[in-house]
Each structure stands twice: as C-alpha cells, then as structure tokens.
>>> print(open('structure16.txt').read())   # compact mmCIF, C-alpha atoms
# COMPACT_ATOMS: atom_id res chain seq x y z
CA MET B 1 -10.41 -18.08 -31.84
CA TYR B 2 -12.00 -15.04 -30.16
CA SER B 3 -13.85 -15.52 -26.88
CA PHE B 4 -17.21 -13.97 -26.01
CA LYS B 5 -17.54 -16.31 -23.02
CA THR B 6 -16.92 -13.82 -20.22
CA ASP B 7 -15.89 -10.26 -19.41
CA TYR B 8 -12.81 -11.38 -17.50
CA SER B 9 -10.97 -13.24 -20.24
CA GLU B 10 -8.44 -10.40 -20.48
CA GLY B 11 -6.05 -9.43 -17.69
CA ALA B 12 -6.41 -5.81 -16.58
CA HIS B 13 -6.47 -2.32 -18.00
CA PRO B 14 -2.90 -1.09 -18.69
CA ARG B 15 -3.28 1.81 -16.25
CA ILE B 16 -3.90 -0.65 -13.44
CA LEU B 17 -0.89 -2.76 -14.39
CA GLN B 18 1.26 0.38 -14.57
CA ALA B 19 0.07 1.53 -11.15
CA LEU B 20 0.94 -1.88 -9.70
CA MET B 21 4.40 -1.69 -11.26
CA ASN B 22 5.02 1.89 -10.11
CA THR B 23 4.30 1.00 -6.48
CA ASN B 24 5.75 -2.50 -6.51
CA LEU B 25 8.81 -1.86 -4.32
CA GLU B 26 7.15 0.54 -1.91
CA GLN B 27 6.57 -0.90 1.56
CA ASP B 28 3.24 -0.56 3.32
CA GLU B 29 0.91 -2.15 5.84
CA GLY B 30 -0.83 -5.46 5.19
CA TYR B 31 -4.41 -6.76 5.34
CA GLY B 32 -6.02 -3.77 3.66
CA GLU B 33 -4.70 -1.20 6.10
CA ASP B 34 -2.26 0.27 3.57
CA ARG B 35 -2.50 3.83 2.27
CA PHE B 36 -3.68 2.72 -1.17
CA SER B 37 -6.67 0.84 0.24
CA ASN B 38 -7.48 3.74 2.56
CA GLN B 39 -7.39 6.20 -0.35
CA ALA B 40 -9.49 3.87 -2.50
CA ARG B 41 -12.14 3.63 0.20
CA GLU B 42 -12.17 7.41 0.56
CA LEU B 43 -12.58 7.84 -3.20
CA ILE B 44 -15.47 5.38 -3.35
CA ILE B 45 -17.16 7.13 -0.42
CA GLU B 46 -16.78 10.40 -2.32
CA LYS B 47 -18.33 8.85 -5.44
CA LEU B 48 -21.20 7.48 -3.35
CA GLY B 49 -21.79 10.82 -1.66
CA GLN B 50 -22.42 8.94 1.57
CA ALA B 51 -19.91 9.00 4.42
CA ASN B 52 -21.80 6.60 6.69
CA VAL B 53 -20.84 3.39 4.88
CA ASP B 54 -18.20 0.75 5.53
CA ILE B 55 -16.18 -0.45 2.55
CA HIS B 56 -14.27 -3.73 2.44
CA LEU B 57 -12.10 -4.73 -0.52
CA MET B 58 -12.55 -8.41 -1.32
CA VAL B 59 -10.95 -10.78 -3.81
CA GLY B 60 -13.92 -12.17 -5.79
CA GLY B 61 -17.68 -12.29 -6.11
CA THR B 62 -18.39 -15.70 -4.60
CA GLN B 63 -16.15 -14.93 -1.64
CA THR B 64 -17.90 -11.58 -1.16
CA ASN B 65 -21.37 -13.13 -1.35
CA LEU B 66 -20.71 -15.98 1.06
CA THR B 67 -18.84 -13.77 3.55
CA ALA B 68 -21.48 -11.04 3.55
CA ILE B 69 -24.58 -13.22 3.52
CA SER B 70 -23.32 -15.59 6.21
CA ALA B 71 -22.33 -12.62 8.37
CA PHE B 72 -25.66 -10.86 7.97
CA LEU B 73 -27.87 -13.89 8.74
CA ARG B 74 -28.56 -15.75 11.98
CA PRO B 75 -28.28 -19.57 11.80
CA HIS B 76 -31.98 -20.20 11.10
CA GLU B 77 -32.34 -17.48 8.45
CA ALA B 78 -32.35 -17.85 4.66
CA ALA B 79 -31.80 -15.84 1.50
CA ILE B 80 -34.34 -15.32 -1.28
CA ALA B 81 -33.06 -15.25 -4.87
CA ALA B 82 -34.32 -15.53 -8.41
CA GLU B 83 -33.90 -19.00 -9.92
CA SER B 84 -31.26 -17.50 -12.19
CA GLY B 85 -29.50 -15.84 -9.24
CA HIS B 86 -25.79 -16.49 -9.00
CA ILE B 87 -25.91 -17.72 -5.40
CA PHE B 88 -28.51 -20.29 -6.42
CA THR B 89 -27.04 -21.54 -9.68
CA HIS B 90 -23.31 -20.92 -9.96
CA GLU B 91 -21.57 -20.80 -6.58
CA THR B 92 -21.35 -24.52 -5.79
CA GLY B 93 -23.70 -24.20 -2.83
CA ALA B 94 -21.38 -21.68 -1.15
CA ILE B 95 -24.21 -20.02 0.78
CA GLU B 96 -25.71 -23.37 1.84
CA ALA B 97 -22.25 -24.48 2.92
CA THR B 98 -22.28 -21.67 5.50
CA GLY B 99 -25.56 -23.06 6.86
CA HIS B 100 -28.07 -20.80 5.14
CA LYS B 101 -30.66 -22.05 2.69
CA VAL B 102 -31.28 -20.20 -0.59
CA LEU B 103 -35.00 -20.02 -1.43
CA SER B 104 -35.46 -19.64 -5.20
CA VAL B 105 -38.22 -17.84 -7.09
CA LYS B 106 -39.07 -18.33 -10.75
CA THR B 107 -38.97 -15.05 -12.67
CA GLU B 108 -39.51 -14.05 -16.29
CA ASP B 109 -36.69 -11.52 -16.46
CA GLY B 110 -34.28 -12.47 -13.68
CA LYS B 111 -35.59 -9.70 -11.40
CA LEU B 112 -37.36 -10.00 -8.05
CA THR B 113 -40.49 -8.02 -7.20
CA PRO B 114 -42.36 -7.45 -3.93
CA SER B 115 -45.14 -9.82 -5.00
CA LEU B 116 -42.68 -12.63 -5.76
CA ILE B 117 -40.98 -12.15 -2.40
CA GLN B 118 -44.37 -12.10 -0.64
CA THR B 119 -45.14 -15.61 -1.92
CA VAL B 120 -41.99 -16.89 -0.17
CA LEU B 121 -42.86 -15.09 3.06
CA ASP B 122 -46.41 -16.47 2.99
CA TYR B 123 -45.19 -20.03 2.55
CA HIS B 124 -42.55 -19.89 5.29
CA SER B 125 -44.95 -19.17 8.09
CA ASP B 126 -43.55 -20.74 11.26
CA GLU B 127 -40.51 -22.03 13.15
CA HIS B 128 -40.62 -25.43 11.44
CA MET B 129 -39.13 -23.80 8.34
CA VAL B 130 -36.19 -21.52 7.73
CA LYS B 131 -36.99 -17.84 8.12
CA PRO B 132 -36.57 -15.71 4.95
CA LYS B 133 -34.47 -12.73 5.94
CA LEU B 134 -32.24 -11.56 3.08
CA VAL B 135 -33.29 -10.64 -0.46
CA TYR B 136 -30.51 -11.21 -3.00
CA ILE B 137 -30.63 -9.34 -6.31
CA SER B 138 -28.07 -8.86 -9.08
CA ASN B 139 -27.64 -5.71 -11.17
CA SER B 140 -27.21 -6.39 -13.99
CA THR B 141 -28.91 -9.77 -13.59
CA GLU B 142 -27.53 -13.09 -14.73
CA ILE B 143 -29.57 -12.76 -17.93
CA GLY B 144 -28.52 -9.20 -18.65
CA THR B 145 -31.57 -7.26 -17.44
CA ILE B 146 -31.26 -4.23 -15.16
CA TYR B 147 -33.24 -2.75 -12.28
CA LEU B 148 -34.81 0.64 -12.87
CA LYS B 149 -35.03 3.20 -10.07
CA LYS B 150 -38.77 2.70 -9.55
CA GLU B 151 -38.30 -1.07 -9.24
CA LEU B 152 -35.50 -0.71 -6.71
CA ILE B 153 -37.45 1.84 -4.67
CA GLU B 154 -40.40 -0.56 -4.48
CA LEU B 155 -38.12 -3.43 -3.44
CA SER B 156 -36.41 -1.27 -0.84
CA GLN B 157 -39.69 -0.11 0.70
CA PHE B 158 -41.06 -3.64 0.78
CA CYS B 159 -37.92 -5.02 2.45
CA ARG B 160 -37.95 -2.30 5.10
CA GLU B 161 -41.63 -2.86 5.85
CA HIS B 162 -40.94 -6.59 6.31
CA GLN B 163 -37.60 -6.26 8.14
CA LEU B 164 -35.71 -7.93 5.28
CA ILE B 165 -32.11 -7.24 4.32
CA LEU B 166 -31.75 -6.09 0.69
CA TYR B 167 -28.40 -7.16 -0.76
CA MET B 168 -27.22 -6.41 -4.30
CA ASP B 169 -24.62 -8.43 -6.19
CA GLY B 170 -22.78 -5.88 -8.31
CA ALA B 171 -20.43 -8.11 -10.27
CA ARG B 172 -21.59 -6.28 -13.42
CA LEU B 173 -22.76 -3.09 -11.74
CA GLY B 174 -20.66 -0.94 -14.07
CA SER B 175 -22.45 -2.33 -17.11
CA ALA B 176 -25.86 -1.90 -15.45
CA LEU B 177 -25.25 1.75 -14.56
CA CYS B 178 -24.00 2.54 -18.07
CA SER B 179 -26.78 0.70 -19.92
CA GLN B 180 -29.23 2.45 -22.21
CA GLY B 181 -32.43 3.17 -20.30
CA ASN B 182 -30.81 2.96 -16.87
CA ASP B 183 -31.92 5.71 -14.48
CA LEU B 184 -29.98 4.64 -11.39
CA THR B 185 -26.72 6.20 -10.25
CA LEU B 186 -24.06 4.94 -7.89
CA ARG B 187 -25.20 7.55 -5.38
CA ASP B 188 -28.73 6.13 -5.31
CA LEU B 189 -27.67 2.74 -4.02
CA PRO B 190 -26.76 3.48 -0.36
CA GLU B 191 -30.22 4.98 0.09
CA MET B 192 -31.99 1.88 -1.25
CA VAL B 193 -30.01 -1.24 -0.34
CA ASP B 194 -28.50 -2.45 2.91
CA ALA B 195 -25.31 -3.73 1.27
CA PHE B 196 -23.95 -4.14 -2.25
CA TYR B 197 -20.67 -4.61 -4.00
CA ILE B 198 -18.96 -2.84 -6.88
CA GLY B 199 -17.46 -5.40 -9.24
CA GLY B 200 -13.89 -4.88 -10.41
CA THR B 201 -13.05 -8.35 -11.71
CA LYS B 202 -15.50 -8.04 -14.63
CA ASN B 203 -14.72 -4.39 -15.28
CA GLY B 204 -11.02 -4.05 -15.98
CA ALA B 205 -9.35 -5.09 -12.72
CA LEU B 206 -7.13 -8.14 -12.32
CA LEU B 207 -9.38 -9.13 -9.44
CA GLY B 208 -11.39 -7.54 -6.70
CA GLU B 209 -14.79 -6.35 -5.50
CA ALA B 210 -15.61 -3.44 -3.20
CA LEU B 211 -18.28 -4.41 -0.67
CA VAL B 212 -20.29 -1.45 0.61
CA ILE B 213 -22.21 -1.98 3.87
CA CYS B 214 -24.83 0.74 4.32
CA GLN B 215 -26.95 -0.55 7.20
CA ASP B 216 -25.36 0.14 10.59
CA SER B 217 -26.65 -3.09 12.13
CA LEU B 218 -24.64 -5.15 9.61
CA LYS B 219 -21.25 -3.48 10.12
CA ALA B 220 -19.99 -4.79 13.46
CA ASP B 221 -16.98 -7.14 13.43
CA PHE B 222 -17.10 -7.62 9.67
CA ARG B 223 -13.32 -7.90 9.35
CA PHE B 224 -13.52 -10.89 11.70
CA HIS B 225 -15.89 -12.55 9.24
CA ILE B 226 -13.56 -11.78 6.32
CA LYS B 227 -10.61 -13.32 8.17
CA GLN B 228 -12.56 -16.41 9.22
CA LYS B 229 -13.64 -17.01 5.61
CA GLY B 230 -10.06 -16.73 4.35
CA GLY B 231 -10.66 -13.43 2.61
CA LEU B 232 -8.40 -11.01 4.53
CA MET B 233 -5.69 -10.68 1.90
CA ALA B 234 -2.21 -10.13 3.36
CA LYS B 235 -1.18 -8.01 0.37
CA GLY B 236 -4.42 -6.06 0.43
CA ARG B 237 -2.62 -3.22 -1.30
CA LEU B 238 -3.11 -5.14 -4.57
CA LEU B 239 -6.84 -4.54 -4.25
CA GLY B 240 -6.46 -0.98 -3.00
CA ILE B 241 -4.21 0.10 -5.87
CA GLN B 242 -6.66 -1.26 -8.44
CA PHE B 243 -9.74 0.45 -7.01
CA LEU B 244 -7.77 3.63 -6.49
CA GLU B 245 -6.98 3.63 -10.21
CA LEU B 246 -10.54 2.70 -11.25
CA PHE B 247 -12.07 5.56 -9.24
CA ARG B 248 -9.31 8.18 -9.50
CA ASP B 249 -11.31 9.56 -12.44
CA ASN B 250 -14.04 7.97 -14.59
CA LEU B 251 -12.05 4.90 -15.68
CA PHE B 252 -14.50 2.49 -14.01
CA PHE B 253 -17.40 3.89 -16.05
CA GLU B 254 -15.38 4.30 -19.26
CA LEU B 255 -14.53 0.60 -19.22
CA ALA B 256 -18.16 -0.37 -18.62
CA GLU B 257 -19.24 1.94 -21.44
CA ASN B 258 -16.91 0.18 -23.88
CA ALA B 259 -18.37 -3.21 -22.95
CA ASN B 260 -21.90 -1.86 -23.45
CA LYS B 261 -21.03 -0.04 -26.67
CA MET B 262 -19.75 -3.27 -28.22
CA ALA B 263 -22.84 -5.16 -27.00
CA ASP B 264 -25.11 -2.43 -28.42
CA TRP B 265 -23.39 -2.71 -31.80
CA LEU B 266 -23.79 -6.49 -31.77
CA ARG B 267 -27.45 -6.19 -30.85
CA VAL B 268 -28.23 -3.72 -33.62
CA GLU B 269 -26.39 -5.65 -36.32
CA LEU B 270 -27.90 -9.01 -35.36
CA ARG B 271 -31.40 -7.53 -35.43
CA LYS B 272 -30.74 -6.35 -38.97
CA VAL B 273 -30.62 -10.00 -40.04
CA ASN B 274 -33.79 -10.80 -38.05
CA ILE B 275 -32.07 -12.52 -35.13
CA GLN B 276 -34.37 -12.80 -32.09
CA PHE B 277 -33.14 -12.65 -28.48
CA LEU B 278 -34.03 -14.79 -25.48
CA THR B 279 -34.09 -11.79 -23.13
CA ALA B 280 -34.40 -8.02 -23.54
CA SER B 281 -30.94 -7.24 -22.21
CA PRO B 282 -29.59 -3.67 -22.41
CA SER B 283 -26.27 -4.58 -20.76
CA ASN B 284 -23.11 -6.36 -21.94
CA GLN B 285 -24.68 -9.84 -21.98
CA LEU B 286 -26.65 -10.83 -25.09
CA PHE B 287 -28.65 -14.00 -25.71
CA PRO B 288 -29.31 -14.33 -29.46
CA ILE B 289 -31.28 -17.31 -30.75
CA LEU B 290 -29.58 -19.02 -33.67
CA PRO B 291 -30.01 -22.19 -35.73
CA ASN B 292 -27.97 -25.03 -34.26
CA ALA B 293 -26.18 -25.49 -37.59
CA VAL B 294 -25.04 -21.84 -37.49
CA ILE B 295 -23.89 -22.22 -33.90
CA SER B 296 -21.74 -25.20 -34.86
CA GLU B 297 -20.05 -23.18 -37.59
CA LEU B 298 -19.48 -20.20 -35.32
CA GLN B 299 -17.84 -22.40 -32.68
CA LYS B 300 -14.97 -23.02 -35.09
CA ASN B 301 -13.81 -19.42 -34.67
CA TYR B 302 -15.47 -18.13 -31.48
CA ALA B 303 -15.91 -19.25 -27.88
CA PHE B 304 -19.27 -18.66 -26.18
CA HIS B 305 -21.75 -20.46 -23.96
CA ILE B 306 -24.76 -22.30 -25.36
CA TRP B 307 -27.28 -21.01 -22.86
CA GLU B 308 -30.58 -22.74 -23.54
CA LYS B 309 -32.25 -25.01 -26.08
CA VAL B 310 -35.19 -23.15 -27.66
CA ASP B 311 -36.54 -25.88 -29.96
CA SER B 312 -35.21 -28.86 -31.88
CA ASP B 313 -33.41 -26.62 -34.39
CA HIS B 314 -32.52 -23.48 -32.40
CA SER B 315 -30.62 -22.54 -29.24
CA ALA B 316 -29.84 -19.34 -27.39
CA ILE B 317 -26.17 -18.55 -26.94
CA ARG B 318 -24.63 -16.08 -24.51
CA LEU B 319 -22.28 -13.41 -25.84
CA VAL B 320 -20.45 -11.24 -23.31
CA THR B 321 -18.48 -8.16 -24.33
CA SER B 322 -15.84 -6.61 -22.10
CA TRP B 323 -13.92 -3.44 -21.39
CA ALA B 324 -11.32 -4.69 -23.89
CA THR B 325 -13.52 -6.07 -26.68
CA PRO B 326 -12.34 -4.54 -29.98
CA LYS B 327 -14.87 -3.49 -32.62
CA GLU B 328 -13.03 -5.66 -35.16
CA ALA B 329 -13.97 -8.83 -33.25
CA VAL B 330 -17.61 -7.77 -33.13
CA GLU B 331 -17.67 -6.93 -36.84
CA GLU B 332 -16.10 -10.26 -37.79
CA PHE B 333 -18.59 -12.16 -35.64
CA VAL B 334 -21.55 -10.42 -37.29
CA GLN B 335 -20.11 -11.08 -40.75
CA ASP B 336 -19.73 -14.77 -39.92
CA VAL B 337 -23.30 -14.94 -38.64
CA ARG B 338 -24.57 -13.41 -41.88
CA LYS B 339 -22.47 -15.74 -43.99
CA ASN B 340 -23.64 -18.86 -42.20
CA LEU B 341 -27.29 -17.83 -42.06
CA TYR B 342 -27.44 -17.71 -45.85
CA LEU B 343 -25.45 -20.87 -46.66
>>> encode(input="structure16.txt", output="structure tokens")
Amino acid sequence: MYSFKTDYSEGAHPRILQALMNTNLEQDEGYGEDRFSNQARELIIEKLGQANVDIHLMVGGTQTNLTAISAFLRPHEAAIAAESGHIFTHETGAIEATGHKVLSVKTEDGKLTPSLIQTVLDYHSDEHMVKPKLVYISNSTEIGTIYLKKELIELSQFCREHQLILYMDGARLGSALCSQGNDLTLRDLPEMVDAFYIGGTKNGALLGEALVICQDSLKADFRFHIKQKGGLMAKGRLLGIQFLELFRDNLFFELAENANKMADWLRVELRKVNIQFLTASPSNQLFPILPNAVISELQKNYAFHIWEKVDSDHSAIRLVTSWATPKEAVEEFVQDVRKNLYL
C-alpha cells in the first residue's frame, strides 16, 4: 500500500535527522532563543533579502494561523477566505474559537481577487456586523493552484488601499515557488504581504513553520501571543535546527522540486490516457477524475482522498506527491490506472 494522501506521510529528510543527532547532547537556551534558531532566522532573512522582518518558528500550520490571525485582529474584526481556504474548512473552527469570524467567498480556482473581496466589504457595511480586516490566502491553494506575481500585486494594492491585512498561508509555499509557470520568488513576498509563513512540515521537516511578519504594526508582543496559545516550544532548538538545515543551502527548494517533478510526471502520463482533471494545478496536488470502478480497484494498493463526486459514475481524487515520493511509486500507479481503465 503506497500513500498519496499527504506530503507529510514520511518523517524527515535524512540531513535533518542527522543534524538533530549531531547536536543532540549540546546544551543551549530554550524557547527559541538558542543559537540554532537565531542562525536559522538570520539565514531566512538573508534568503528574503529583507532585514526588517520578524521571524517566529512555530510547530504547525493550524497553530501558526490561529496565533497570527487572532493576534493581528481586534475583537470585532474578521478574516476573509476562499470557501476552500484551510481556515474555513479544515481547522476545526480554530479561528472562530479565538473569537474571529471567517467570511467565506466562493471561487472557481481557490484564489481570491480584489473584486471578490469587494463584495464582502460592500455587504459588511456597519457596526451591526463584524468588520472584515484580514485577507487570508494560501499559496499553493488547497486545490493546487498558485498565485502569479501580477495577481499578488493586485491583491496587495487593493488591501493597502482598503486598510486590510494580507496574510499568506505557506504550508505548501515550496511547491508553489517551484511550480511550472510560477513567477514569484521568496524575496517578492515581504514587499507584497503583511505576514506569511514558510511551511516545513510538508516540505521535508519533521515539523515546523517559519512565520514571517513584515508589517511593523503587527510585530509588537508577538511572543506573548505565542506563549498564550501554547506555541512557545521549550525545546525550540528542534525547530531551529531543522530550518537551519533547510536553508543552509538550497535543500528547501530541492525537496519541493522533487515533489513537483513527481506530480508533473503523473500529470503527463495520466493525460496520455485521456484522464481529465478537476483543477488546473501546477503544484504537487493533483485532482484526476476517474471512473468510480477504477477508484475502487486503485484503493486496494494505494491510499488517497476521494475529493469530490463529479457525476454518478465518476469522482475526483486527490493525489499528493512529496519530497520523498519515488518515481517507482508513480510509475506503478500510472500502470495500474491504465490496466484498470481497459478492463
């Protein structure tokens, strides 16, 4: 049984495990004030080319989102997200549990646009409703699409004109930046968004996300918020060592490129047998539409999510490749699809 369910089914890249072992008995400070975390933050700042940012190493994506969004918003303020957005669909109401409503918008491709955000602003017109204040986007999105530079510039300009906070969930940022057709770089992001995070959990780390706060007005007392939300990890060095290894050279991007390369191969080979896709995803998430009978046969040897029913005989499944996905697994999957299509 091979799993295409997620990109965190495996543990961590061997270099990260080795680095953790090599430093295991060395003593250092706690709560992210160790030398490894400090060096990791310095490296990320160097990669960003922007010294005026604050970086906080967090344990996971949901914890990062709820800590950041609840810290950035006043009690009466709300977040805007696509209907497919992670904070709206898959975080057990974590944002609402902090007292902030998530206002959802239906999109065709999982991406927000100025016009979609404007409809929310127009509707929430007075103090009898929550006040939309933060725009939440994911890159790559929950359905595998990515934001192009022009799209992000337009969003950024719109948010600044309307005094909105632009926040990017970067759980799969590595895959987005390494996708075919992408024209954004890591260095572009501090200029365009007010805060974002660099996902490690889904890109070769055991765990961990690096939150980057770009807007000065959002920085004050943030470690207090992390502690209050239970996120100030005593052995913060475990996060620091991992991000230090990911950004010591190009390992972070090499791992994302492997995930994308395997997804690209899957995409090409499935199209050869006339498989259609639910979304035009250039990243490491694919949503092929298959006959239900074929899906049942594939489930005997592979794990994946059935994403959406398309009609009475077909469904879209989600396949996710990772930094560790071997080409052999992809080849075998394609062979099994071909075999079952022609039974």
>>> atom_distance(input="structure16.txt", atom1="CA of Asp249 (chain B)", atom2="CA of Ser156 (chain B)")
29.7 Å
>>> closest_residue(input="structure16.txt", among="B:Val193, B:Ile45, B:Ala210, B:Ile143", to="Leu319 (chain B)", atoms="all atoms listed in the file")
B:Ile143
>>> closest_residue(input="structure16.txt", among="B:Thr6, B:Ser315, B:Thr201, B:Gln118", to="Asn284 (chain B)", atoms="all atoms listed in the file")
B:Thr6
>>> residues_around(input="structure16.txt", residues="Glu77 (chain B)", least_positions_apart="3", cutoff="6 Å", atoms="all atoms listed in the file", output="number ranges by chain")
B: 73-74, 130-133
>>> closest_residue(input="structure16.txt", among="B:His100, B:Lys235, B:His225, B:Ala220", to="Asp34 (chain B)", atoms="only C-alpha atoms")
B:Lys235
>>> closest_atom_pairs(input="structure16.txt", of="region 33-72 of chain B", to="region 165-170 of chain B", cutoff="10 Å", atoms="all atoms listed in the file", output="Markdown table")
| residue | atom | partner | partner_atom | distance |
| --- | --- | --- | --- | --- |
| B:Gly61 | CA | B:Asp169 | CA | 7.9 |
| B:Thr62 | CA | B:Asp169 | CA | 9.7 |
| B:Thr64 | CA | B:Asp169 | CA | 9.0 |
| B:Asn65 | CA | B:Asp169 | CA | 7.5 |
| B:Ala68 | CA | B:Tyr167 | CA | 9.0 |
| B:Ile69 | CA | B:Tyr167 | CA | 8.3 |
| B:Phe72 | CA | B:Ile165 | CA | 8.2 |
>>> residues_around(input="structure16.txt", residues="region 10-24 of chain B", least_positions_apart="4", cutoff="9 Å", atoms="only C-alpha atoms", output="list in words")
Thr201, Asn203, Gly204, Ala205, Leu206, Leu207, Leu238, Ile241, Gln242, Phe243, Glu245, Leu246, Leu255, Ser322, Trp323 and Ala324 of chain B
>>> write_last_selection(input="structure16.txt", atoms="C-alpha atoms", output="mmCIF file, keeping the file's coordinate frame")
data_model
loop_
_atom_site.group_PDB
_atom_site.id
_atom_site.type_symbol
_atom_site.label_atom_id
_atom_site.label_comp_id
_atom_site.auth_asym_id
_atom_site.auth_seq_id
_atom_site.Cartn_x
_atom_site.Cartn_y
_atom_site.Cartn_z
ATOM 1 C CA THR B 201 -13.050 -8.350 -11.710
ATOM 2 C CA ASN B 203 -14.720 -4.390 -15.280
ATOM 3 C CA GLY B 204 -11.020 -4.050 -15.980
ATOM 4 C CA ALA B 205 -9.350 -5.090 -12.720
ATOM 5 C CA LEU B 206 -7.130 -8.140 -12.320
ATOM 6 C CA LEU B 207 -9.380 -9.130 -9.440
ATOM 7 C CA LEU B 238 -3.110 -5.140 -4.570
ATOM 8 C CA ILE B 241 -4.210 0.100 -5.870
ATOM 9 C CA GLN B 242 -6.660 -1.260 -8.440
ATOM 10 C CA PHE B 243 -9.740 0.450 -7.010
ATOM 11 C CA GLU B 245 -6.980 3.630 -10.210
ATOM 12 C CA LEU B 246 -10.540 2.700 -11.250
ATOM 13 C CA LEU B 255 -14.530 0.600 -19.220
ATOM 14 C CA SER B 322 -15.840 -6.610 -22.100
ATOM 15 C CA TRP B 323 -13.920 -3.440 -21.390
ATOM 16 C CA ALA B 324 -11.320 -4.690 -23.890
#
>>> closest_residue(input="structure16.txt", among="B:Ala97, B:Leu239, B:Leu66, B:Leu103", to="Ala40 (chain B)", atoms="all atoms listed in the file")
B:Leu239
>>> atom_distance(input="structure16.txt", atom1="CA of Glu328 (chain B)", atom2="CA of Asn340 (chain B)")
18.3 Å
>>> closest_residue(input="structure16.txt", among="B:Ala51, B:Ala81, B:Leu121, B:Leu116", to="Val102 (chain B)", atoms="all atoms listed in the file")
B:Ala81
>>> closest_residue(input="structure16.txt", among="B:Ile289, B:Leu189, B:Leu164, B:Met233", to="Gly32 (chain B)", atoms="all atoms listed in the file")
B:Met233
>>> atom_distance(input="structure16.txt", atom1="CA of Leu232 (chain B)", atom2="CA of Arg35 (chain B)")
16.1 Å
>>> residues_around(input="structure16.txt", residues="region 304-307 of chain B", least_positions_apart="4", cutoff="9 Å", atoms="only C-alpha atoms", output="ChimeraX atom specification")
/B:3-6,287,295,299,315-320
>>> residues_around(input="structure16.txt", residues="Gln180 (chain B)", least_positions_apart="4", cutoff="10 Å", atoms="all atoms listed in the file", output="PyMOL selection string")
chain B and resi 146+175-176+260-261+264+281-283
>>> residues_around(input="structure16.txt", residues="Lys300 (chain B)", least_positions_apart="2", cutoff="12 Å", atoms="all atoms listed in the file", output="ChimeraX atom specification")
/B:1-3,293-298,302-304,333,336,340
>>> write_last_selection(input="structure16.txt", atoms="C-alpha atoms", output="PDB file, keeping the file's coordinate frame")
ATOM      1  CA  MET B   1     -10.410 -18.080 -31.840  1.00  0.00           C
ATOM      2  CA  TYR B   2     -12.000 -15.040 -30.160  1.00  0.00           C
ATOM      3  CA  SER B   3     -13.850 -15.520 -26.880  1.00  0.00           C
ATOM      4  CA  ALA B 293     -26.180 -25.490 -37.590  1.00  0.00           C
ATOM      5  CA  VAL B 294     -25.040 -21.840 -37.490  1.00  0.00           C
ATOM      6  CA  ILE B 295     -23.890 -22.220 -33.900  1.00  0.00           C
ATOM      7  CA  SER B 296     -21.740 -25.200 -34.860  1.00  0.00           C
ATOM      8  CA  GLU B 297     -20.050 -23.180 -37.590  1.00  0.00           C
ATOM      9  CA  LEU B 298     -19.480 -20.200 -35.320  1.00  0.00           C
ATOM     10  CA  TYR B 302     -15.470 -18.130 -31.480  1.00  0.00           C
ATOM     11  CA  ALA B 303     -15.910 -19.250 -27.880  1.00  0.00           C
ATOM     12  CA  PHE B 304     -19.270 -18.660 -26.180  1.00  0.00           C
ATOM     13  CA  PHE B 333     -18.590 -12.160 -35.640  1.00  0.00           C
ATOM     14  CA  ASP B 336     -19.730 -14.770 -39.920  1.00  0.00           C
ATOM     15  CA  ASN B 340     -23.640 -18.860 -42.200  1.00  0.00           C
TER      16      ASN B 340
END
